[in-house]
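File shown: query-v6.txt. Contents: compact mmCIF, C-alpha atoms.
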```txt
# COMPACT_ATOMS: atom_id res chain seq x y z
CA MET A 3 161.50 60.25 23.76
CA GLY A 4 161.65 58.76 27.21
CA GLU A 5 159.44 56.50 29.24
CA LYS A 6 157.31 56.66 32.36
CA LEU A 7 158.34 54.49 35.29
CA THR A 8 158.05 54.35 39.07
CA LEU A 9 160.72 54.88 41.73
CA THR A 10 160.76 53.74 45.34
CA ALA A 11 162.04 56.22 47.93
CA SER A 12 164.00 55.09 50.98
CA ASP A 13 160.89 55.26 53.17
CA GLY A 14 159.05 52.88 50.81
CA PHE A 15 156.95 55.49 49.04
CA THR A 16 156.44 54.81 45.34
CA LEU A 17 156.37 57.77 42.97
CA ASN A 18 156.09 58.30 39.24
CA ALA A 19 158.96 59.50 37.09
CA TYR A 20 159.88 60.17 33.49
CA LYS A 21 163.27 59.00 32.23
CA ALA A 22 165.09 59.41 28.91
CA GLU A 23 168.27 57.68 27.78
CA PRO A 24 170.98 59.16 25.59
CA LYS A 25 172.36 57.57 22.50
CA GLY A 26 175.63 55.83 23.27
CA THR A 27 177.50 55.91 26.55
CA PRO A 28 176.03 58.45 28.97
CA ARG A 29 178.13 61.42 30.07
CA GLY A 30 176.46 61.10 33.47
CA GLY A 31 173.02 61.59 34.96
CA VAL A 32 170.75 64.62 35.27
CA VAL A 33 167.77 64.94 37.60
CA VAL A 34 165.20 67.48 36.41
CA ILE A 35 162.88 68.92 39.06
CA GLN A 36 159.52 70.20 37.93
CA GLU A 37 157.67 73.48 38.33
CA VAL A 38 154.44 73.39 40.36
CA TRP A 39 152.46 71.83 37.50
CA GLY A 40 154.07 68.44 37.91
CA VAL A 41 155.99 66.37 35.39
CA ASN A 42 154.03 67.74 32.46
CA ASN A 43 154.79 68.10 28.75
CA TRP A 44 157.33 70.88 29.18
CA VAL A 45 159.22 69.13 31.98
CA ARG A 46 159.34 65.95 29.90
CA SER A 47 160.78 68.01 27.04
CA VAL A 48 163.56 69.20 29.36
CA VAL A 49 164.34 65.61 30.29
CA ASP A 50 164.46 64.73 26.59
CA TYR A 51 166.78 67.71 26.00
CA TYR A 52 169.34 66.52 28.54
CA ALA A 53 169.14 62.99 27.14
CA ALA A 54 169.85 64.43 23.69
CA GLU A 55 172.87 66.16 25.21
CA GLY A 56 174.23 62.82 26.38
CA TYR A 57 172.87 62.41 29.91
CA LEU A 58 170.67 59.75 31.44
CA ALA A 59 167.93 62.12 32.57
CA ILE A 60 165.00 61.70 34.91
CA ALA A 61 162.21 63.80 36.39
CA PRO A 62 160.61 62.45 39.60
CA ALA A 63 156.99 63.40 40.23
CA MET A 64 157.62 65.51 43.29
CA PHE A 65 153.98 66.12 44.20
CA ASP A 66 152.93 62.47 44.14
CA ARG A 67 152.95 62.43 47.94
CA VAL A 68 150.22 65.07 48.03
CA ASP A 69 148.28 64.00 44.93
CA PHE A 70 149.49 60.82 43.26
CA GLY A 71 149.78 61.17 39.50
CA TYR A 72 149.27 64.94 39.54
CA GLU A 73 150.32 66.85 36.44
CA SER A 74 148.64 69.71 34.65
CA GLU A 75 148.89 71.57 31.37
CA ASN A 76 146.44 74.16 32.70
CA TYR A 77 148.48 77.20 33.73
CA ALA A 78 145.38 79.33 34.32
CA PRO A 79 144.26 80.80 37.68
CA ASP A 80 141.18 78.56 37.86
CA GLN A 81 143.50 75.83 39.15
CA PHE A 82 145.20 77.95 41.80
CA VAL A 83 142.77 77.35 44.68
CA ILE A 84 142.67 73.60 43.99
CA ILE A 85 146.44 73.23 43.89
CA GLY A 86 146.88 75.59 46.84
CA GLU A 87 144.65 73.41 48.99
CA MET A 88 146.44 70.27 47.83
CA MET A 89 149.87 71.63 48.71
CA LYS A 90 149.02 72.09 52.39
CA LYS A 91 150.33 68.54 52.74
CA PHE A 92 153.65 69.17 51.01
CA ASP A 93 156.78 68.46 53.07
CA HIS A 94 160.33 69.43 52.00
CA ALA A 95 161.79 66.63 54.16
CA THR A 96 160.04 63.82 52.30
CA ALA A 97 160.63 65.61 49.00
CA ARG A 98 164.33 65.11 49.67
CA LEU A 99 163.78 61.35 49.75
CA ASP A 100 162.17 61.54 46.31
CA VAL A 101 165.15 63.46 44.92
CA GLU A 102 167.47 60.83 46.37
CA ALA A 103 165.47 58.08 44.68
CA ALA A 104 165.83 59.88 41.35
CA VAL A 105 169.58 60.33 41.85
CA LYS A 106 169.98 56.62 42.52
CA ALA A 107 167.93 55.78 39.43
CA VAL A 108 170.47 57.48 37.13
CA ALA A 109 173.66 56.97 39.16
CA SER A 110 174.66 54.04 36.94
CA ALA A 111 175.48 56.66 34.28
CA GLY A 112 178.24 58.22 36.42
CA LYS A 113 178.21 61.56 38.22
CA VAL A 114 174.77 63.13 38.61
CA GLY A 115 173.68 66.75 38.37
CA ILE A 116 170.37 68.34 39.27
CA THR A 117 168.47 71.15 37.64
CA GLY A 118 164.98 72.48 38.21
CA PHE A 119 162.62 75.38 37.72
CA CYS A 120 160.73 77.49 40.27
CA PHE A 121 159.87 74.79 42.83
CA GLY A 122 162.63 72.78 41.17
CA GLY A 123 165.05 75.70 41.48
CA SER A 124 164.46 75.93 45.21
CA THR A 125 164.74 72.14 45.43
CA SER A 126 168.02 72.26 43.50
CA TRP A 127 169.49 74.67 46.05
CA ARG A 128 168.31 72.49 48.94
CA ALA A 129 169.73 69.40 47.22
CA ALA A 130 173.06 71.22 46.80
CA HIS A 131 173.03 71.79 50.56
CA PHE A 132 172.28 68.19 51.49
CA GLY A 133 174.43 66.61 48.76
CA LEU A 134 172.23 63.58 48.15
CA GLY A 135 174.89 61.90 46.00
CA LEU A 136 174.91 64.79 43.53
CA SER A 137 178.00 66.36 41.92
CA ALA A 138 176.54 69.68 40.67
CA ALA A 139 173.33 71.72 40.76
CA SER A 140 171.99 74.39 38.42
CA GLY A 141 168.67 75.85 39.57
CA TYR A 142 166.29 78.32 38.01
CA TYR A 143 164.25 81.04 39.79
CA GLY A 144 163.72 79.16 43.01
CA GLY A 145 161.30 81.15 45.15
CA GLY A 146 161.48 81.60 48.90
CA VAL A 147 165.11 82.73 49.01
CA ALA A 148 164.75 83.64 52.68
CA ASN A 149 163.88 80.01 53.40
CA TYR A 150 167.06 78.60 51.86
CA ILE A 151 169.69 81.34 52.03
CA ASP A 152 171.19 79.82 55.17
CA MET A 153 171.51 76.38 53.56
CA ALA A 154 175.13 76.57 52.40
CA PRO A 155 175.84 74.50 49.29
CA THR A 156 178.16 71.52 49.66
CA ILE A 157 178.59 70.83 45.93
CA PRO A 158 179.19 73.13 42.92
CA LEU A 159 176.07 75.23 42.43
CA GLU A 160 174.79 77.91 40.08
CA MET A 161 171.43 79.68 39.99
CA HIS A 162 169.52 81.65 37.37
CA TYR A 163 166.97 84.39 38.15
CA GLY A 164 165.05 87.11 36.31
CA ASP A 165 165.12 90.78 37.25
CA GLN A 166 161.43 91.15 36.31
CA ASP A 167 160.35 88.27 38.56
CA HIS A 168 157.08 89.05 40.32
CA GLY A 169 157.63 86.25 42.83
CA ILE A 170 161.27 86.74 43.87
CA PRO A 171 162.68 90.09 45.08
CA VAL A 172 165.82 91.00 43.18
CA GLU A 173 167.38 92.27 46.39
CA GLN A 174 167.14 88.74 47.80
CA VAL A 175 169.05 87.46 44.78
CA GLU A 176 171.69 90.11 45.53
CA GLN A 177 171.78 88.89 49.14
CA LEU A 178 172.44 85.36 47.90
CA LYS A 179 175.33 86.56 45.75
CA ALA A 180 176.77 88.58 48.62
CA LYS A 181 176.59 85.60 50.98
CA TYR A 182 177.93 83.08 48.46
CA PRO A 183 180.29 84.95 46.11
CA ASP A 184 181.67 81.68 44.75
CA VAL A 185 178.24 80.45 43.62
CA GLY A 186 177.44 81.36 40.03
CA ILE A 187 174.32 83.49 40.45
CA TYR A 188 173.01 85.03 37.23
CA LEU A 189 170.30 87.63 36.85
CA TYR A 190 168.72 87.92 33.40
CA HIS A 191 166.40 90.63 32.07
CA ALA A 192 163.44 88.29 32.22
CA GLU A 193 160.33 87.27 34.15
CA HIS A 194 159.66 84.37 36.45
CA GLY A 195 159.44 81.17 34.41
CA PHE A 196 161.50 82.54 31.55
CA CYS A 197 162.59 79.07 30.44
CA CYS A 198 159.13 77.54 30.07
CA SER A 199 158.27 77.74 26.39
CA ASP A 200 154.64 76.81 27.14
CA ARG A 201 153.87 80.09 28.94
CA GLY A 202 153.79 83.77 28.04
CA SER A 203 156.70 84.48 30.36
CA TYR A 204 159.02 82.56 28.04
CA ASN A 205 162.08 84.57 27.06
CA LYS A 206 164.00 82.78 24.37
CA GLU A 207 167.21 84.80 24.68
CA ALA A 208 167.42 84.44 28.44
CA ALA A 209 166.43 80.78 28.30
CA ASN A 210 169.06 79.98 25.70
CA ALA A 211 171.77 81.84 27.60
CA ALA A 212 170.90 80.19 30.90
CA THR A 213 170.56 76.71 29.40
CA ALA A 214 173.94 77.07 27.72
CA ARG A 215 175.43 77.97 31.10
CA THR A 216 173.84 74.95 32.74
CA LEU A 217 175.10 72.66 30.02
CA ALA A 218 178.64 74.04 30.30
CA PHE A 219 178.41 73.69 34.08
CA PHE A 220 177.33 70.06 33.80
CA ARG A 221 180.02 69.37 31.19
CA GLN A 222 182.56 70.68 33.72
CA HIS A 223 181.28 68.88 36.80
CA ILE A 224 179.40 65.84 35.50
CA GLY A 225 181.02 64.92 32.23
CA MET B 8 165.35 119.33 35.45
CA SER B 9 162.06 120.94 34.40
CA GLY B 10 158.79 119.92 36.01
CA LEU B 11 157.72 118.09 32.86
CA ASP B 12 161.03 116.23 32.60
CA HIS B 13 160.84 115.39 36.26
CA PHE B 14 157.36 113.93 35.96
CA ALA B 15 158.34 111.93 32.87
CA THR B 16 161.31 110.53 34.77
CA LEU B 17 159.01 109.66 37.67
CA GLN B 18 156.62 107.85 35.37
CA VAL B 19 159.44 105.83 33.82
CA ALA B 20 160.75 104.94 37.27
CA PHE B 21 157.28 103.88 38.38
CA ALA B 22 156.87 101.71 35.28
CA ASP B 23 160.22 100.09 36.09
CA ALA B 24 159.10 99.53 39.67
CA GLU B 25 155.85 97.95 38.52
CA ALA B 26 157.82 95.62 36.23
CA ALA B 27 159.74 94.44 39.29
CA PRO B 28 157.18 94.93 42.07
CA LEU B 29 159.26 93.12 44.68
CA SER B 30 162.24 95.42 44.29
CA ALA B 31 162.44 97.68 47.33
CA LYS B 32 165.18 99.78 45.77
CA ARG B 33 163.09 100.56 42.69
CA ALA B 34 160.19 101.50 44.95
CA MET B 35 162.56 103.71 46.93
CA LEU B 36 163.71 105.45 43.76
CA VAL B 37 160.09 106.29 42.94
CA ALA B 38 159.58 107.60 46.46
CA MET B 39 162.63 109.84 46.16
CA LEU B 40 161.49 111.20 42.80
CA ILE B 41 158.06 111.96 44.22
CA ASP B 42 159.69 113.76 47.13
CA ALA B 43 161.95 115.72 44.79
CA ALA B 44 158.97 116.66 42.63
CA ILE B 45 157.33 118.30 45.64
CA ASP B 46 160.45 120.37 46.28
CA SER B 47 160.60 121.29 42.59
CA ARG B 48 157.02 122.42 42.68
CA PHE B 49 157.81 124.67 45.63
CA ALA B 50 160.86 126.10 43.88
CA ALA B 51 158.80 126.86 40.79
CA SER B 52 156.03 128.63 42.64
CA ALA B 53 157.42 130.20 45.79
CA ASP B 54 158.72 133.67 46.23
CA ALA B 55 161.66 134.50 48.44
CA THR B 56 159.49 134.58 51.55
CA GLY B 57 158.11 131.10 51.07
CA ASP B 58 158.83 128.29 53.51
CA LEU B 59 159.54 124.88 52.03
CA LEU B 60 158.94 123.09 55.32
CA ALA B 61 155.53 124.69 55.70
CA PHE B 62 154.77 123.90 52.05
CA ARG B 63 155.60 120.21 52.61
CA ALA B 64 153.70 120.05 55.88
CA ASP B 65 150.64 121.53 54.19
CA ILE B 66 150.81 118.94 51.40
CA ALA B 67 151.25 116.11 53.92
CA THR B 68 148.08 117.26 55.65
CA ARG B 69 146.06 117.44 52.44
CA ALA B 70 147.53 114.37 50.70
CA PRO B 71 148.13 111.42 53.07
CA ALA B 72 149.95 109.20 50.56
CA LEU B 73 152.35 112.03 49.77
CA GLY B 74 152.77 112.49 53.50
CA ASP B 75 153.84 108.88 53.83
CA ILE B 76 156.27 109.19 50.94
CA MET B 77 157.80 112.43 52.22
CA ALA B 78 158.27 110.83 55.63
CA LEU B 79 159.93 107.82 53.99
CA ALA B 80 162.21 110.00 51.87
CA SER B 81 163.35 111.96 54.91
CA LEU B 82 165.32 108.84 55.96
CA ARG B 83 164.93 109.53 59.65
CA PRO B 84 166.34 106.68 61.76
CA ASP B 85 163.02 106.39 63.61
CA GLY B 86 160.91 107.13 60.54
CA PRO B 87 159.10 104.92 58.05
CA ARG B 88 161.04 102.37 56.03
CA LEU B 89 160.54 99.92 53.18
CA VAL B 90 160.85 96.23 53.96
CA THR B 91 160.39 93.06 51.95
CA GLU B 92 158.43 90.48 53.87
CA ALA B 93 156.64 87.18 53.43
CA VAL B 94 152.88 87.68 53.65
CA GLU B 95 150.53 84.72 54.14
CA VAL B 96 147.79 84.30 51.54
CA PRO B 97 144.55 82.48 52.45
CA ILE B 98 143.75 79.68 50.02
CA ALA B 99 140.46 81.39 49.22
CA ASP B 100 142.43 84.33 47.79
CA TYR B 101 144.61 82.20 45.54
CA ALA B 102 142.58 82.88 42.42
CA SER B 103 143.63 86.53 42.62
CA LEU B 104 147.36 85.80 42.72
CA SER B 105 149.66 86.38 39.78
CA THR B 106 151.16 83.21 38.32
CA PRO B 107 154.64 83.85 39.82
CA ASP B 108 153.13 84.58 43.26
CA PHE B 109 151.05 81.43 43.02
CA MET B 110 154.00 79.28 41.98
CA VAL B 111 156.32 80.53 44.70
CA SER B 112 153.69 80.47 47.46
CA LEU B 113 152.93 76.79 46.98
CA TYR B 114 156.24 75.60 48.38
CA ASN B 115 156.78 78.47 50.81
CA ASP B 116 154.04 77.89 53.36
CA HIS B 117 151.45 79.75 51.30
CA THR B 118 153.27 83.05 51.56
CA VAL B 119 154.17 85.65 48.95
CA GLN B 120 156.81 88.36 49.10
CA ARG B 121 155.67 91.96 49.35
CA VAL B 122 157.39 95.33 49.63
CA LEU B 123 155.77 97.15 52.53
CA LEU B 124 156.06 100.60 54.05
CA ILE B 125 156.24 100.37 57.81
CA ARG B 126 155.29 103.68 59.38
CA ALA B 127 156.79 105.04 62.57
CA ASP B 128 153.66 103.97 64.46
CA GLY B 129 154.04 100.39 63.19
CA THR B 130 151.15 100.43 60.73
CA ARG B 131 151.86 98.97 57.29
CA ALA B 132 150.92 99.61 53.71
CA GLU B 133 151.87 97.84 50.50
CA ALA B 134 154.40 100.01 48.70
CA HIS B 135 153.08 99.99 45.15
CA PRO B 136 149.46 100.99 45.80
CA LEU B 137 150.83 103.70 48.08
CA LEU B 138 153.20 104.99 45.41
CA ASN B 139 150.39 104.92 42.89
CA ALA B 140 148.18 106.93 45.24
CA ALA B 141 150.98 109.39 45.89
CA ILE B 142 151.51 110.00 42.18
CA ALA B 143 147.77 110.59 41.77
CA GLU B 144 147.88 113.08 44.66
CA LEU B 145 150.93 114.75 43.16
CA LYS B 146 148.93 115.45 40.02
CA ARG B 147 146.18 117.08 42.08
CA VAL B 148 148.03 119.20 44.65
```

Once you've parsed the file, please lay out its structure as structure tokens.
Amino acid sequence: MGEKLTLTASDGFTLNAYKAEPKGTPRGGVVVIQEVWGVNNWVRSVVDYYAAEGYLAIAPAMFDRVDFGYESENYAPDQFVIIGEMMKKFDHATARLDVEAAVKAVASAGKVGITGFCFGGSTSWRAAHFGLGLSAASGYYGGGVANYIDMAPTIPLEMHYGDQDHGIPVEQVEQLKAKYPDVGIYLYHAEHGFCCSDRGSYNKEAANAATARTLAFFRQHIG
Amino acid sequence: MSGLDHFATLQVAFADAEAAPLSAKRAMLVAMLIDAAIDSRFAASADATGDLLAFRADIATRAPALGDIMALASLRPDGPRLVTEAVEVPIADYASLSTPDFMVSLYNDHTVQRVLLIRADGTRAEAHPLLNAAIAELKRV
């Protein structure tokens, strides 16, 4: 189990985070980037997982700039309009500062990797483009491929997608692979959100396979 | 392939396309199977004096969705085509989005991806409702 804390970004903004420490000497650090429901129970469980695997792990609350303290366990459509309105204020540029703050918060552990899901997958790709002090990135079903396909990665990167994704065209995933043949891009027989065990889209086989790949990737590039 | 086999194959292809509704190539496969089904129907019913082109033109007149699909399947350089595009969703419509659409739209300027048919005259239609309508028309004609 980890703990809640606050981070300060380089522009002075203070945001919430959840951090978990490994037993013994850390292998390195891992930044976990949330889905659109904030740093909720499932995201915290992912942080705990990477801590159990030997990493100093942290999840910054990426939507604190639009709604401080936001997190939700309600995955139902009755929240969609509320969150949609809230996210009009979201800005990828300031989000980058929040990722940087999280990287710095675990950098004492050694090299740092980033992983994330949906919003966090897209953020992982963007982070791999900008570097941000990271050594590796492994993102999951990041939507809006057309908005990041031209952002060439500058660090080792892999991505995981589902061929039944109702939010990401599979042809766009193929375009990514064609443009970046050296990036590990994997396409599972699964839906969007296949790793989240708190939703119906969870696909245990795909999630286990993808998570094993991420762990091996981090072992190779982080420690 | 018999007419029954052909229609079963079409239904399987459409189910696959619905499972991946943003896949333009799966939508295109359905369109091609619909087009081939029309030709098969002609072959099964026509005598030696029949005219396939007239048969298709007559269907296109009576069944507009099938007309769109036949035009797409003809692959004319200046004809209709399938494209995948970002489509903006008003916040008021968010409650009707699927969970994946909702999730992805939030950090992509409130847009979702859609497979669209763009006709030669520039008008647009979402591919899956059009394919669904064409299959319904195929059952009737």

| query | Pick the closest to chain B from A:Tyr57, A:Tyr52, A:Phe70, A:Phe82: which is it, counting only C-alpha atoms? | reply | A:Phe82

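For chain A, the residues close to chain B, meaning within 7 Å and counting all atoms listed in the file, are Val38, Pro79, Asp80, Phe82, Val83, Gly86, Glu87, Met89, Cys120, Phe121, Gly145, Gly146, Asp165, Gln166, Asp167, His168, Gly169, Ile170, Pro171, Val172, Glu173 and His194 of chain A.
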
For the selection just defined, write its residues with C-alpha atoms to a file, as a compact mmCIF listing (two decimals), in the coordinates of the input.
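This went into selection.txt:
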```txt
# COMPACT_ATOMS: atom_id res chain seq x y z
CA VAL A 38 154.44 73.39 40.36
CA PRO A 79 144.26 80.80 37.68
CA ASP A 80 141.18 78.56 37.86
CA PHE A 82 145.20 77.95 41.80
CA VAL A 83 142.77 77.35 44.68
CA GLY A 86 146.88 75.59 46.84
CA GLU A 87 144.65 73.41 48.99
CA MET A 89 149.87 71.63 48.71
CA CYS A 120 160.73 77.49 40.27
CA PHE A 121 159.87 74.79 42.83
CA GLY A 145 161.30 81.15 45.15
CA GLY A 146 161.48 81.60 48.90
CA ASP A 165 165.12 90.78 37.25
CA GLN A 166 161.43 91.15 36.31
CA ASP A 167 160.35 88.27 38.56
CA HIS A 168 157.08 89.05 40.32
CA GLY A 169 157.63 86.25 42.83
CA ILE A 170 161.27 86.74 43.87
CA PRO A 171 162.68 90.09 45.08
CA VAL A 172 165.82 91.00 43.18
CA GLU A 173 167.38 92.27 46.39
CA HIS A 194 159.66 84.37 36.45
```

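Considering the residues A:Cys197, A:Ala192, A:Val108, A:Ala97 and counting only C-alpha atoms, A:Met64 has its shortest atom-to-atom contact with A:Ala97.
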
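Nearest-residue note for A:Asp152: choosing from A:Tyr182, A:Ala11, A:Ala138, A:Ile84, the minimum distance belongs to A:Tyr182, counting all atoms listed in the file.
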
| message | Excluding stretch 41-53 of chain B and its own-chain neighbours fewer than 5 positions away, which residues fall within 9 Å of it when counting all atoms listed in the file? Please give them as a list in words. | response | Met8, Ser9, Gly10, His13, Phe14, Leu17, Leu36, Asp58, Leu59, Phe62, Arg63, Ile66, Leu73, Ile76, Met77, Ala80, Ser81, Leu138, Ala141, Ile142 and Leu145 of chain B

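Between atom CA of A:Leu17 and atom CA of A:Pro62 lies a distance of 7.2 Å.
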
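Of the residues under consideration (A:His162, A:Arg215, A:Arg29, A:Lys90), A:His162 shows the shortest atom-to-atom contact distance to A:Gly195 when counting all atoms listed in the file.
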
| Point (146.7, 61.7, 45.8) neighbourhood (12 Å, all atoms listed in the file) written as a PyMOL selection string | chain A and resi 16-18+63-73+85+88-89+91-92

| message | Between atom CA of A:Thr125 and atom CA of A:Pro155, what distance in Å does the model show, to one decimal? | response | 12.0 Å

Shell of 9 Å around A:Glu102, all atoms listed in the file, local chain residues under 6 positions omitted, as a PDB file with C-alpha atoms, in the frame of the given file:
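That gives us around.pdb:
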```pdb
ATOM      1  CA  ALA A  11     162.040  56.220  47.930  1.00  0.00           C
ATOM      2  CA  SER A  12     164.000  55.090  50.980  1.00  0.00           C
ATOM      3  CA  ALA A 129     169.730  69.400  47.220  1.00  0.00           C
ATOM      4  CA  LEU A 134     172.230  63.580  48.150  1.00  0.00           C
ATOM      5  CA  GLY A 135     174.890  61.900  46.000  1.00  0.00           C
ATOM      6  CA  LEU A 136     174.910  64.790  43.530  1.00  0.00           C
TER       7      LEU A 136
END
```
